[in-house]
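Below is input.cif, which holds mmCIF, C-alpha atoms.
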data_entry
loop_
_atom_site.label_atom_id
_atom_site.label_comp_id
_atom_site.auth_asym_id
_atom_site.auth_seq_id
_atom_site.Cartn_x
_atom_site.Cartn_y
_atom_site.Cartn_z
CA MET A 26 27.17 -1.63 -7.89
CA ASN A 27 27.56 1.14 -5.30
CA PHE A 28 25.01 3.84 -4.59
CA LYS A 29 27.42 6.75 -4.06
CA ALA A 30 24.70 9.14 -3.05
CA PHE A 31 21.00 8.86 -2.66
CA PHE A 32 18.66 11.74 -1.94
CA PHE A 33 14.94 12.24 -1.93
CA LEU A 34 12.44 14.87 -0.98
CA LEU A 35 8.91 13.98 0.07
CA LEU A 36 6.01 16.39 0.36
CA ALA A 37 2.69 15.37 1.91
CA ASN A 38 -0.56 17.12 2.72
CA ILE A 39 -3.28 15.84 4.99
CA VAL A 40 -6.71 17.26 5.62
CA GLU A 41 -7.74 14.80 8.25
CA CYS A 42 -8.08 15.38 11.98
CA PHE A 43 -5.50 13.45 14.03
CA ASP A 44 -6.55 12.90 17.64
CA GLY A 45 -8.45 16.18 17.48
CA GLU A 46 -5.25 18.19 17.23
CA ILE A 47 -4.09 18.24 13.61
CA LEU A 48 -6.31 19.40 10.76
CA LYS A 49 -3.69 19.50 8.04
CA TYR A 50 -0.01 18.80 7.60
CA SER A 51 2.54 18.74 4.84
CA LEU A 52 5.69 16.69 4.93
CA ASN A 53 9.02 17.55 3.34
CA ILE A 54 11.59 14.80 3.58
CA ASP A 55 15.22 14.76 2.52
CA LEU A 56 16.80 11.33 2.75
CA THR A 57 20.40 10.66 1.85
CA PRO A 58 21.07 6.94 2.04
CA PHE A 59 24.69 5.88 1.62
CA TYR A 60 25.17 2.55 -0.07
CA ILE A 61 28.96 2.29 0.07
CA ASP A 62 30.34 -1.11 0.97
CA HIS A 63 28.74 -2.00 4.33
CA GLU A 64 27.67 1.46 5.49
CA ASP A 65 23.91 1.00 5.44
CA ILE A 66 22.69 4.33 6.78
CA PHE A 67 20.83 7.34 5.44
CA ASN A 68 20.48 10.95 6.52
CA GLY A 69 17.12 12.65 6.38
CA HIS A 70 15.29 15.92 6.76
CA VAL A 71 11.57 16.36 7.17
CA GLY A 72 9.54 19.56 7.17
CA ILE A 73 6.02 19.33 8.56
CA HIS A 74 3.34 21.97 8.14
CA LEU A 75 0.78 21.68 10.91
CA LYS A 76 -2.47 23.44 11.56
CA LEU A 77 -3.81 22.77 15.03
CA ASN A 78 -7.45 23.16 15.93
CA LYS A 79 -6.77 23.40 19.65
CA PRO A 80 -3.82 24.40 21.86
CA SER A 81 -1.23 21.80 22.81
CA SER A 82 1.93 21.74 24.90
CA GLU A 83 3.56 19.05 22.78
CA LEU A 84 3.70 17.65 19.27
CA ILE A 85 4.28 13.91 18.99
CA LEU A 86 5.31 12.17 15.77
CA ASP A 87 6.03 8.52 15.05
CA ALA A 88 9.68 7.57 14.49
CA GLU A 89 11.48 4.23 14.70
CA ASN A 90 15.25 3.65 14.76
CA LEU A 91 15.91 7.26 13.77
CA LYS A 92 18.46 9.56 15.37
CA ILE A 93 17.25 13.15 15.66
CA SER A 94 19.89 15.81 15.00
CA LEU A 95 17.90 19.03 14.66
CA VAL A 96 14.39 20.31 15.34
CA LYS A 97 13.01 23.70 14.29
CA VAL A 98 9.56 25.20 14.69
CA ASN A 99 8.85 28.19 12.43
CA ASN A 100 12.61 28.52 11.75
CA THR A 101 13.49 28.62 15.47
CA VAL A 102 15.60 25.83 16.96
CA VAL A 103 13.71 24.02 19.72
CA LYS A 104 14.27 20.97 21.87
CA GLY A 105 13.10 17.64 20.52
CA SER A 106 13.54 14.19 22.02
CA LEU A 107 13.05 10.62 20.81
CA LYS A 108 11.25 8.37 23.30
CA GLU A 109 9.64 4.99 22.70
CA LYS A 110 9.38 5.35 18.91
CA LYS A 111 8.04 8.90 19.19
CA VAL A 112 9.52 12.34 18.49
CA HIS A 113 8.39 14.71 21.26
CA ILE A 114 8.53 18.44 20.50
CA SER A 115 7.71 20.69 23.44
CA GLY A 116 6.21 24.16 23.11
CA GLN A 117 3.14 26.30 23.56
CA PHE A 118 1.26 25.46 20.40
CA LYS A 119 -1.94 27.37 19.67
CA ASN A 120 -4.66 26.68 17.13
CA ALA A 121 -2.54 28.10 14.30
CA ASP A 122 -0.17 27.08 11.49
CA TYR A 123 3.31 25.77 12.30
CA PHE A 124 6.22 24.58 10.21
CA VAL A 125 8.42 21.93 11.81
CA ASP A 126 11.86 20.93 10.46
CA ILE A 127 13.52 17.73 11.67
CA GLY A 128 16.97 16.49 10.71
CA TYR A 129 17.65 12.82 11.35
CA SER A 130 19.44 9.65 10.25
CA GLY A 131 18.24 6.09 9.87
CA ILE A 132 19.16 2.57 8.84
CA ILE A 133 18.86 0.77 5.50
CA ASN A 134 17.49 -2.59 6.61
CA ASN A 135 17.48 -6.09 5.18
CA HIS A 136 14.40 -7.31 3.32
CA LYS A 137 13.01 -9.21 6.32
CA THR A 138 12.78 -6.04 8.40
CA GLY A 139 11.19 -3.79 5.79
CA GLY A 140 11.22 0.00 5.94
CA LEU A 141 13.88 1.17 3.49
CA TYR A 142 15.86 -1.96 2.63
CA LYS A 143 18.35 -3.37 0.12
CA VAL A 144 18.45 -6.61 -1.82
CA LEU A 145 21.70 -8.12 -3.10
CA TYR A 146 21.62 -10.47 -6.10
CA LYS A 147 23.85 -11.99 -8.80
CA LYS A 148 26.25 -13.31 -6.18
CA ASN A 149 26.16 -9.94 -4.36
CA THR A 150 27.48 -8.03 -7.37
CA LYS A 151 24.18 -6.21 -7.92
CA ALA A 152 21.80 -4.47 -5.55
CA LEU A 153 18.46 -2.71 -5.48
CA LEU A 154 16.73 -0.57 -2.86
CA ALA A 155 13.04 -0.77 -2.03
CA THR A 156 10.54 0.18 0.65
CA HIS A 157 7.98 -1.93 2.49
CA LEU A 158 6.01 0.14 5.00
CA GLU A 159 2.97 -1.94 6.02
CA PRO A 160 1.83 -1.79 8.73
CA GLU A 161 3.91 0.79 10.61
CA LYS A 162 7.31 1.10 8.92
CA ALA A 163 6.89 4.55 7.35
CA ARG A 164 8.12 5.85 10.72
CA ALA A 165 11.41 4.01 10.09
CA VAL A 166 11.95 6.06 6.92
CA PHE A 167 10.71 9.49 8.04
CA PRO A 168 9.09 11.02 11.16
CA CYS A 169 5.37 11.18 10.45
CA PHE A 170 1.88 10.55 11.75
CA ASP A 171 1.95 6.87 10.84
CA ASP A 172 -1.69 5.87 11.01
CA PRO A 173 -3.92 4.53 8.21
CA ASN A 174 -6.70 7.01 8.95
CA LEU A 175 -4.41 9.98 8.35
CA LYS A 176 -4.09 10.24 4.58
CA ALA A 177 -1.50 12.39 2.83
CA LYS A 178 -0.36 13.67 -0.53
CA PHE A 179 3.28 12.83 -1.20
CA GLN A 180 5.80 14.29 -3.60
CA LEU A 181 9.21 12.71 -3.96
CA SER A 182 12.51 13.79 -5.46
CA ILE A 183 15.58 11.61 -5.41
CA THR A 184 19.23 12.08 -6.32
CA LEU A 185 20.90 8.88 -7.49
CA PRO A 186 23.69 7.56 -9.72
CA LYS A 187 23.01 7.89 -13.43
CA GLY A 188 22.00 4.72 -15.21
CA LEU A 189 19.64 3.44 -12.53
CA THR A 190 15.88 3.14 -12.87
CA SER A 191 13.74 4.65 -10.14
CA PHE A 192 10.07 4.15 -9.35
CA SER A 193 7.69 5.75 -6.88
CA ASN A 194 3.92 6.06 -6.53
CA THR A 195 3.63 8.56 -9.38
CA GLU A 196 5.18 9.41 -12.73
CA ILE A 197 8.51 11.20 -13.04
CA LEU A 198 7.96 14.94 -13.32
CA SER A 199 11.50 16.07 -14.18
CA ARG A 200 15.16 15.07 -14.31
CA SER A 201 18.22 17.27 -13.84
CA THR A 202 21.97 16.62 -13.85
CA ILE A 203 23.81 17.25 -10.60
CA SER A 204 27.27 16.02 -11.60
CA ASP A 205 28.95 13.66 -14.04
CA ARG A 206 27.71 10.72 -11.95
CA LEU A 207 24.51 11.93 -10.31
CA GLU A 208 21.06 13.07 -11.40
CA LYS A 209 18.01 14.33 -9.57
CA VAL A 210 14.61 12.82 -10.33
CA VAL A 211 11.40 14.56 -9.21
CA PHE A 212 8.14 12.63 -9.05
CA ASP A 213 4.66 14.09 -9.39
CA GLU A 214 2.41 14.60 -6.37
CA THR A 215 0.30 11.62 -5.34
CA LEU A 216 -3.35 11.42 -4.51
CA SER A 217 -4.29 11.39 -0.85
CA MET A 218 -3.13 8.08 0.66
CA SER A 219 -2.00 6.50 3.92
CA THR A 220 1.67 6.56 4.90
CA PHE A 221 2.05 2.76 4.61
CA LEU A 222 1.37 3.03 0.86
CA PHE A 223 4.31 5.32 0.09
CA ALA A 224 6.88 3.45 -2.01
CA LEU A 225 10.29 3.78 -3.64
CA VAL A 226 12.29 1.30 -5.75
CA VAL A 227 15.71 1.90 -7.32
CA GLY A 228 17.91 -0.48 -9.31
CA GLU A 229 18.67 -1.93 -12.75
CA PHE A 230 15.39 -3.16 -14.23
CA ARG A 231 14.02 -4.47 -17.51
CA VAL A 232 10.73 -2.69 -18.17
CA LYS A 233 7.75 -3.38 -20.44
CA GLU A 234 5.25 -0.53 -20.76
CA ILE A 235 1.91 0.01 -22.48
CA LYS A 236 -0.74 2.72 -22.41
CA TYR A 237 -3.92 1.35 -20.86
CA LYS A 238 -7.04 2.97 -22.36
CA LYS A 239 -5.04 6.10 -23.24
CA ARG A 240 -4.87 7.22 -19.59
CA VAL A 241 -2.76 4.81 -17.48
CA ASP A 242 0.91 3.95 -18.01
CA LEU A 243 1.03 0.25 -17.13
CA ARG A 244 4.51 -1.17 -16.48
CA ILE A 245 5.99 -4.56 -15.60
CA ALA A 246 9.58 -4.55 -14.33
CA THR A 247 12.08 -7.24 -13.29
CA VAL A 248 15.84 -7.55 -13.01
CA ILE A 249 15.62 -10.56 -15.35
CA GLU A 250 15.81 -10.26 -19.14
CA ASN A 251 12.77 -12.32 -20.11
CA LYS A 252 10.37 -11.03 -22.78
CA GLU A 253 7.94 -13.92 -22.34
CA LEU A 254 7.73 -13.20 -18.63
CA LEU A 255 6.99 -9.51 -19.13
CA ASP A 256 4.39 -10.16 -21.86
CA LYS A 257 2.50 -12.74 -19.82
CA VAL A 258 2.40 -10.71 -16.62
CA MET A 259 1.32 -7.66 -18.62
CA GLY A 260 -1.63 -9.67 -19.88
CA TYR A 261 -2.63 -10.48 -16.30
CA ALA A 262 -2.24 -6.84 -15.26
CA VAL A 263 -4.45 -5.53 -18.08
CA ASP A 264 -7.15 -8.15 -17.50
CA CYS A 265 -7.30 -7.53 -13.74
CA LEU A 266 -7.30 -3.74 -13.99
CA GLU A 267 -10.03 -3.71 -16.62
CA SER A 268 -12.18 -6.13 -14.64
CA MET A 269 -11.92 -4.14 -11.41
CA GLU A 270 -12.93 -0.95 -13.19
CA GLU A 271 -15.87 -2.70 -14.82
CA TYR A 272 -17.07 -4.31 -11.59
CA THR A 273 -16.76 -1.27 -9.34
CA GLN A 274 -17.65 1.32 -12.00
CA VAL A 275 -14.79 3.38 -10.55
CA GLU A 276 -11.84 4.13 -12.82
CA TYR A 277 -8.37 3.57 -11.43
CA PRO A 278 -7.58 7.16 -10.35
CA MET A 279 -3.80 7.35 -10.90
CA ASN A 280 -2.12 7.86 -14.29
CA LYS A 281 0.27 4.95 -13.85
CA LEU A 282 0.45 1.51 -12.24
CA ASP A 283 3.69 -0.46 -11.91
CA HIS A 284 4.13 -4.16 -11.11
CA ILE A 285 7.75 -4.64 -10.00
CA ASP A 286 9.49 -7.80 -8.87
CA VAL A 287 12.04 -6.72 -6.22
CA LEU A 288 13.21 -10.31 -5.60
CA ARG A 289 12.83 -10.27 -1.81
CA MET A 290 10.56 -8.52 0.66
CA PRO A 291 8.85 -9.24 4.02
CA THR A 292 5.69 -10.58 2.32
CA LEU A 293 4.70 -12.15 -0.99
CA ALA A 294 3.60 -8.79 -2.42
CA MET A 295 2.64 -5.24 -1.40
CA GLN A 296 -0.11 -3.09 -2.88
CA ASN A 297 1.57 0.35 -2.70
CA PHE A 298 -0.61 2.92 -4.50
CA GLY A 299 0.55 2.96 -8.11
CA LEU A 300 3.62 0.79 -7.38
CA ILE A 301 2.90 -2.85 -6.56
CA THR A 302 5.97 -4.85 -5.49
CA TYR A 303 6.41 -8.63 -5.61
CA SER A 304 8.81 -11.07 -3.96
CA ASN A 305 10.37 -13.11 -6.79
CA SER A 306 6.93 -13.86 -8.21
CA PHE A 307 7.76 -13.39 -11.89
CA GLY A 308 10.86 -15.57 -12.09
CA VAL A 309 9.21 -18.31 -14.16
CA THR A 310 6.26 -18.18 -16.57
CA SER A 311 6.96 -21.01 -19.02
CA ASP A 312 6.36 -24.71 -18.35
CA LEU A 313 3.97 -23.95 -15.50
CA GLU A 314 1.03 -26.19 -14.71
CA ILE A 315 -2.43 -24.63 -14.87
CA LYS A 316 -2.70 -24.34 -11.08
CA GLU A 317 0.70 -22.64 -10.83
CA GLU A 318 -0.09 -20.20 -13.64
CA LEU A 319 -3.45 -19.37 -12.07
CA GLU A 320 -1.75 -18.69 -8.72
CA GLN A 321 0.57 -16.24 -10.46
CA ARG A 322 -2.37 -14.59 -12.16
CA ARG A 323 -4.41 -14.63 -8.95
CA LEU A 324 -1.63 -12.80 -7.10
CA VAL A 325 -1.60 -9.99 -9.68
CA CYS A 326 -5.39 -9.71 -9.40
CA HIS A 327 -5.24 -9.73 -5.59
CA GLU A 328 -2.83 -6.79 -5.54
CA THR A 329 -4.75 -4.97 -8.28
CA ALA A 330 -7.95 -5.32 -6.24
CA HIS A 331 -6.08 -3.69 -3.35
CA GLN A 332 -5.81 -0.51 -5.40
CA TRP A 333 -9.53 -0.15 -4.59
CA PHE A 334 -9.71 -1.95 -1.23
CA SER A 335 -6.76 -0.54 0.73
CA ASN A 336 -5.74 2.43 -1.40
CA ILE A 337 -8.82 4.20 -2.76
CA ILE A 338 -10.69 3.33 0.43
CA THR A 339 -8.67 2.45 3.53
CA THR A 340 -9.64 1.01 6.90
CA ASN A 341 -9.69 3.35 9.89
CA ASP A 342 -7.37 1.14 11.92
CA TRP A 343 -5.19 -1.97 11.61
CA GLY A 344 -7.65 -4.10 13.55
CA GLN A 345 -9.90 -4.09 10.47
CA ILE A 346 -7.23 -5.15 7.97
CA PHE A 347 -9.58 -8.05 7.13
CA LEU A 348 -11.54 -5.58 5.01
CA HIS A 349 -8.51 -5.06 2.76
CA GLU A 350 -7.50 -8.70 2.52
CA GLY A 351 -10.99 -10.19 2.53
CA PHE A 352 -12.16 -8.12 -0.43
CA ALA A 353 -8.89 -8.64 -2.32
CA THR A 354 -9.21 -12.41 -1.77
CA TYR A 355 -12.82 -12.28 -2.98
CA PHE A 356 -11.82 -10.43 -6.15
CA GLU A 357 -8.94 -12.75 -7.02
CA ASP A 358 -11.26 -14.94 -9.09
CA ILE A 359 -14.14 -12.55 -9.76
CA VAL A 360 -11.93 -10.38 -11.96
CA PHE A 361 -10.89 -13.25 -14.24
CA LYS A 362 -12.66 -12.19 -17.43
CA THR A 363 -11.45 -14.84 -19.85
CA SER A 364 -10.67 -18.42 -18.91
CA THR A 365 -10.44 -21.75 -20.68
CA ASN A 366 -12.58 -24.65 -19.51
CA ASP A 367 -9.61 -26.18 -17.67
CA GLU A 368 -8.91 -22.84 -16.01
CA LYS A 369 -12.55 -22.47 -14.99
CA ILE A 370 -12.48 -25.87 -13.32
CA ALA A 371 -9.25 -25.03 -11.51
CA LEU A 372 -10.63 -21.62 -10.49
CA GLU A 373 -13.84 -23.07 -9.10
CA THR A 374 -11.93 -25.79 -7.27
CA LYS A 375 -9.67 -23.18 -5.67
CA ARG A 376 -12.61 -20.93 -4.80
CA VAL A 377 -14.41 -23.76 -3.00
CA GLN A 378 -11.18 -24.77 -1.28
CA ASN A 379 -10.58 -21.20 -0.05
CA PHE A 380 -14.16 -20.98 1.21
CA GLN A 381 -13.90 -24.25 3.12
CA GLU A 382 -10.50 -23.38 4.57
CA GLY A 383 -11.81 -19.95 5.54
CA ILE A 384 -14.66 -21.48 7.54
CA GLN A 385 -12.34 -24.02 9.18
CA GLU A 386 -9.78 -21.34 10.02
CA LYS A 387 -12.49 -19.26 11.68
CA LEU A 388 -13.51 -22.25 13.80
CA PHE A 389 -10.07 -23.20 15.07
CA ASN A 390 -7.74 -20.18 14.95
CA GLY A 391 -8.70 -18.70 18.34
CA HIS A 392 -9.09 -15.01 17.41
CA PRO A 393 -11.92 -12.99 15.85
CA ILE A 394 -11.77 -11.59 12.32
CA ILE A 395 -12.00 -8.08 13.80
CA SER A 396 -8.88 -7.59 15.89
CA LYS A 397 -7.48 -4.93 18.17
CA LYS A 398 -4.19 -4.82 16.26
CA PHE A 399 -2.59 -5.71 12.92
CA VAL A 400 -2.86 -9.44 12.28
CA SER A 401 -1.89 -11.07 9.00
CA ASP A 402 -2.86 -14.74 8.92
CA GLU A 403 -5.29 -17.12 7.25
CA THR A 404 -8.17 -15.63 9.24
CA VAL A 405 -7.58 -12.24 7.70
CA TYR A 406 -7.34 -13.63 4.18
CA LEU A 407 -9.46 -16.77 3.89
CA SER A 408 -12.00 -16.37 6.70
CA ALA A 409 -12.77 -12.76 5.80
CA GLY A 410 -13.01 -13.74 2.14
CA ALA A 411 -15.40 -16.55 3.08
CA VAL A 412 -17.64 -14.13 5.03
CA ILE A 413 -17.77 -11.79 2.04
CA GLN A 414 -18.65 -14.74 -0.19
CA MET A 415 -21.43 -15.77 2.18
CA VAL A 416 -22.91 -12.26 2.18
CA GLU A 417 -22.95 -12.28 -1.62
CA ASN A 418 -24.64 -15.67 -1.61
CA VAL A 419 -27.40 -14.36 0.68
CA ILE A 420 -28.16 -10.96 -0.88
CA GLY A 421 -27.36 -11.90 -4.48
CA ARG A 422 -24.51 -11.03 -6.81
CA GLU A 423 -26.04 -7.86 -8.27
CA LYS A 424 -27.10 -6.39 -4.93
CA PHE A 425 -23.68 -7.21 -3.53
CA ARG A 426 -22.06 -5.40 -6.45
CA ASN A 427 -24.32 -2.38 -5.94
CA SER A 428 -23.31 -2.31 -2.27
CA ILE A 429 -19.63 -2.30 -3.19
CA GLN A 430 -20.16 0.56 -5.62
CA ILE A 431 -21.98 2.60 -2.96
CA LEU A 432 -19.20 1.91 -0.44
CA ILE A 433 -16.45 3.15 -2.77
CA GLU A 434 -18.42 6.18 -3.91
CA GLU A 435 -19.16 7.30 -0.35
CA HIS A 436 -15.57 6.84 0.92
CA PHE A 437 -13.54 7.62 -2.19
CA LEU A 438 -9.93 8.41 -1.17
CA GLY A 439 -11.05 8.30 2.44
CA ASN A 440 -11.39 5.80 5.26
CA PHE A 441 -14.05 3.27 6.20
CA ASP A 442 -14.82 0.52 8.71
CA TYR A 443 -16.99 -2.58 8.87
CA ASN A 444 -20.01 -0.50 9.91
CA ASP A 445 -19.75 1.40 6.63
CA VAL A 446 -19.73 -1.89 4.74
CA ILE A 447 -22.80 -3.09 6.65
CA ASN A 448 -24.54 0.24 5.98
CA ALA A 449 -23.90 -0.11 2.26
CA PHE A 450 -25.48 -3.58 2.31
CA GLU A 451 -28.43 -2.19 4.29
CA LYS A 452 -29.02 0.63 1.78
CA VAL A 453 -29.26 -1.81 -1.10
CA ARG A 454 -31.42 -4.22 0.88
CA LYS A 455 -33.90 -1.52 1.89
CA SER A 456 -34.11 -0.11 -1.64
CA SER A 457 -34.92 -3.53 -3.07
CA LYS A 458 -38.55 -4.32 -3.89
CA LYS A 459 -37.81 -7.98 -3.28
CA VAL A 460 -37.57 -9.09 0.34
CA VAL A 461 -33.99 -10.05 1.26
CA PHE A 462 -33.56 -12.07 4.45
CA PHE A 463 -30.29 -10.62 5.65
CA ASP A 464 -29.53 -9.83 9.28
CA THR A 465 -26.46 -7.56 9.51
CA ASN A 466 -26.32 -8.06 13.27
CA GLU A 467 -25.49 -11.71 12.69
CA VAL A 468 -22.62 -10.72 10.38
CA ILE A 469 -21.16 -8.36 12.98
CA ALA A 470 -21.46 -10.99 15.70
CA TYR A 471 -19.66 -13.52 13.49
CA LEU A 472 -16.84 -11.07 12.76
CA ARG A 473 -16.32 -10.47 16.47
CA ALA A 474 -16.61 -14.09 17.57
CA LYS A 475 -13.47 -16.05 18.39
CA GLU A 476 -14.82 -19.23 16.82
#

In structure tokens, how does this file's structure come out?
Amino acid sequence: MNFKAFFFLLLANIVECFDGEILKYSLNIDLTPFYIDHEDIFNGHVGIHLKLNKPSSELILDAENLKISLVKVNNTVVKGSLKEKKVHISGQFKNADYFVDIGYSGIINNHKTGGLYKVLYKKNTKALLATHLEPEKARAVFPCFDDPNLKAKFQLSITLPKGLTSFSNTEILSRSTISDRLEKVVFDETLSMSTFLFALVVGEFRVKEIKYKKRVDLRIATVIENKELLDKVMGYAVDCLESMEEYTQVEYPMNKLDHIDVLRMPTLAMQNFGLITYSNSFGVTSDLEIKEELEQRRLVCHETAHQWFSNIITTNDWGQIFLHEGFATYFEDIVFKTSTNDEKIALETKRVQNFQEGIQEKLFNGHPIISKKFVSDETVYLSAGAVIQMVENVIGREKFRNSIQILIEEHFLGNFDYNDVINAFEKVRKSSKKVVFFDTNEVIAYLRAKE
């Protein structure tokens, strides 16, 4: 299969201050990837609407492995340069609105690198394209302000060969024919989200779809024709989504949620808002032992939990990624609503194992849970999950749940940090008539300690 032409337009709006200079921006992106034989490149165009709250002599955007061909500010061609993964645009910018156009080209990577990448399968006779942008790979797909605390609304349109299935963060808004071979697909605007959560998948997929509670289109997609697989994973997806809504008392805010197996990617899975991707996780569902089936189910629940802890509320910086992964690890088992006795035993055994390994990892890994940069290891997953479990054990399950609900309500579609989590625990503790012996200073000290 060849992708003869590939085009998409992305629009984003942000109402967040970026280094005290940007109050709001919108992003228009045209990407034209060429998937013809071995020519793995794409051409792009991004339009950025900026409103500055103070004068500046330069605009600086994130960009990685992109070649800049044209820069305009308010329809006037200006000089732009690419230095050290940044696009520098010189000018006398006042506290006013500006519209910046940037033409560029980039690379379609392999799955290990991430960004916009391709996956070959069926002895290299078939291919799919996907994105993986965590932590800082959005800048490899389009020039942007690639920081988790700068949330944006995205709208995507894509021109692709007819007969392919395309997915993004939102539902398809419209389709139009461009030629005998090509069509244009326009996706609806997203909610406000961080750049690393933007996602696109294109290929030949088998799709199972249901309507969850008359408001969410829930889809499972693979390149494999396997009805049993799709039915079983759909059951996991429904159970996990319903349980998260019930626990947090916050409805999933998008009108669709896809679980797509893209065969290969840099990690085991990725929690893109409304479009979760998996690395060959749905290949087998029959003849699995209980532990193996629970791991498959646990993975779906982990990524579903991320829709709340990562997407609805997002950490201010990558050094606090433990908040995303720790809460998602905690909710892997909590959201299991129905389990057989054998499953309950296996679940409890795994929960205790994770807790013990989390404590051991914290003792011997050599770095604190709170980091200065993005770190993805057992400390982030198991140790952070163990800390969260310990806090619940001290303050009680119901008070812990109330704290989580307060945290999400106060930072809905915004950003948060560990101090906000501690403050939520404190609010519940102080409002309780029963004395709760819980010292938040000890929690903070533990998070910052190396061992």

Practice problem: Show which residues sit within 7 Å of segment 287-298 of chain A, as a list in words. Count all atoms listed in the file, and ignore same-chain residues fewer than 5 positions away. | Solution: His136, Lys137, Thr138, Gly139, Val144, Asn194, Leu222, Phe223, Ala224, Tyr303, Ser304, Asn305, Glu328, His331, Gln332 and Asn336 of chain A

Near Lys108 of chain A, counting all atoms listed in the file, which residues have an atom at most 12 Å away, once you skip same-chain residues fewer than 2 positions from it, shown as a short mmCIF file (atom, residue, chain, number, x, y, z; two decimals) with C-alpha atoms, in the frame of the given file?
data_model
loop_
_atom_site.label_atom_id
_atom_site.label_comp_id
_atom_site.auth_asym_id
_atom_site.auth_seq_id
_atom_site.Cartn_x
_atom_site.Cartn_y
_atom_site.Cartn_z
CA ILE A 85 4.28 13.91 18.99
CA LEU A 86 5.31 12.17 15.77
CA ASP A 87 6.03 8.52 15.05
CA ALA A 88 9.68 7.57 14.49
CA GLU A 89 11.48 4.23 14.70
CA ASN A 90 15.25 3.65 14.76
CA LEU A 91 15.91 7.26 13.77
CA LYS A 92 18.46 9.56 15.37
CA ILE A 93 17.25 13.15 15.66
CA GLY A 105 13.10 17.64 20.52
CA SER A 106 13.54 14.19 22.02
CA LYS A 110 9.38 5.35 18.91
CA LYS A 111 8.04 8.90 19.19
CA VAL A 112 9.52 12.34 18.49
CA HIS A 113 8.39 14.71 21.26
CA ILE A 114 8.53 18.44 20.50
#

Quiz item: Once the PyMOL selection byres ((chain A and resi 283) around 8) has been applied to the shown file, what residues remain in the selection, as a ChimeraX atom specification?
Solution: /A:243-246,281-282,284-285,299-301

Quiz item: Hey, what comes out of the PyMOL selection byres ((chain A and resi 156) around 8) on this file? Could you write it as a PyMOL selection string?
Solution: chain A and resi 139-142+154-155+157-158+224-226

Self-check item: Interatomic distance, atom CA of Arg323 of chain A to atom CA of Thr339 of chain A (Å, one decimal)
Solution: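 Calculated distance between atom CA of Arg323 of chain A and atom CA of Thr339 of chain A is 21.6 Å.
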
Exercise. Can you pull out every residue within 9 Å of Leu95 of chain A, counting only C-alpha atoms, but drop anything in the same chain fewer than 4 positions away, and send it as JSON, numbers by chain?
Key: {"A": [70, 102, 103, 104, 105, 126, 127, 128, 129]}

Quiz prompt | Between atom CA of Asp286 of chain A and atom CA of Lys147 of chain A - distance in Å to one decimal | solution =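 Atom CA of Asp286 of chain A lies 15.0 Å from atom CA of Lys147 of chain A.
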
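Near (-3.9, -1.1, 15.0), the residues inside the 9 Å limit, counting all atoms listed in the file, come to Pro160, Asp172, Pro173, Asn341, Asp342, Trp343, Gly344, Gln345, Ile346, Ser396, Lys397, Lys398, Phe399 and Val400 of chain A.
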
Exercise. Give as a count of residues only the residues that the PyMOL selection byres ((chain A and resi 215) around 9) matches when applied to the coordinates above.
Key: 15

Can you tell me, as JSON, the centre and edge lengths (Å, one decimal) of the axis-aligned box enclosing all of segment 136-155 of chain A's listed atoms after padding each side by 8 Å?
{"center_x": 19.3, "center_y": -6.1, "center_z": -0.2, "size_x": 32.3, "size_y": 30.5, "size_z": 33.2}
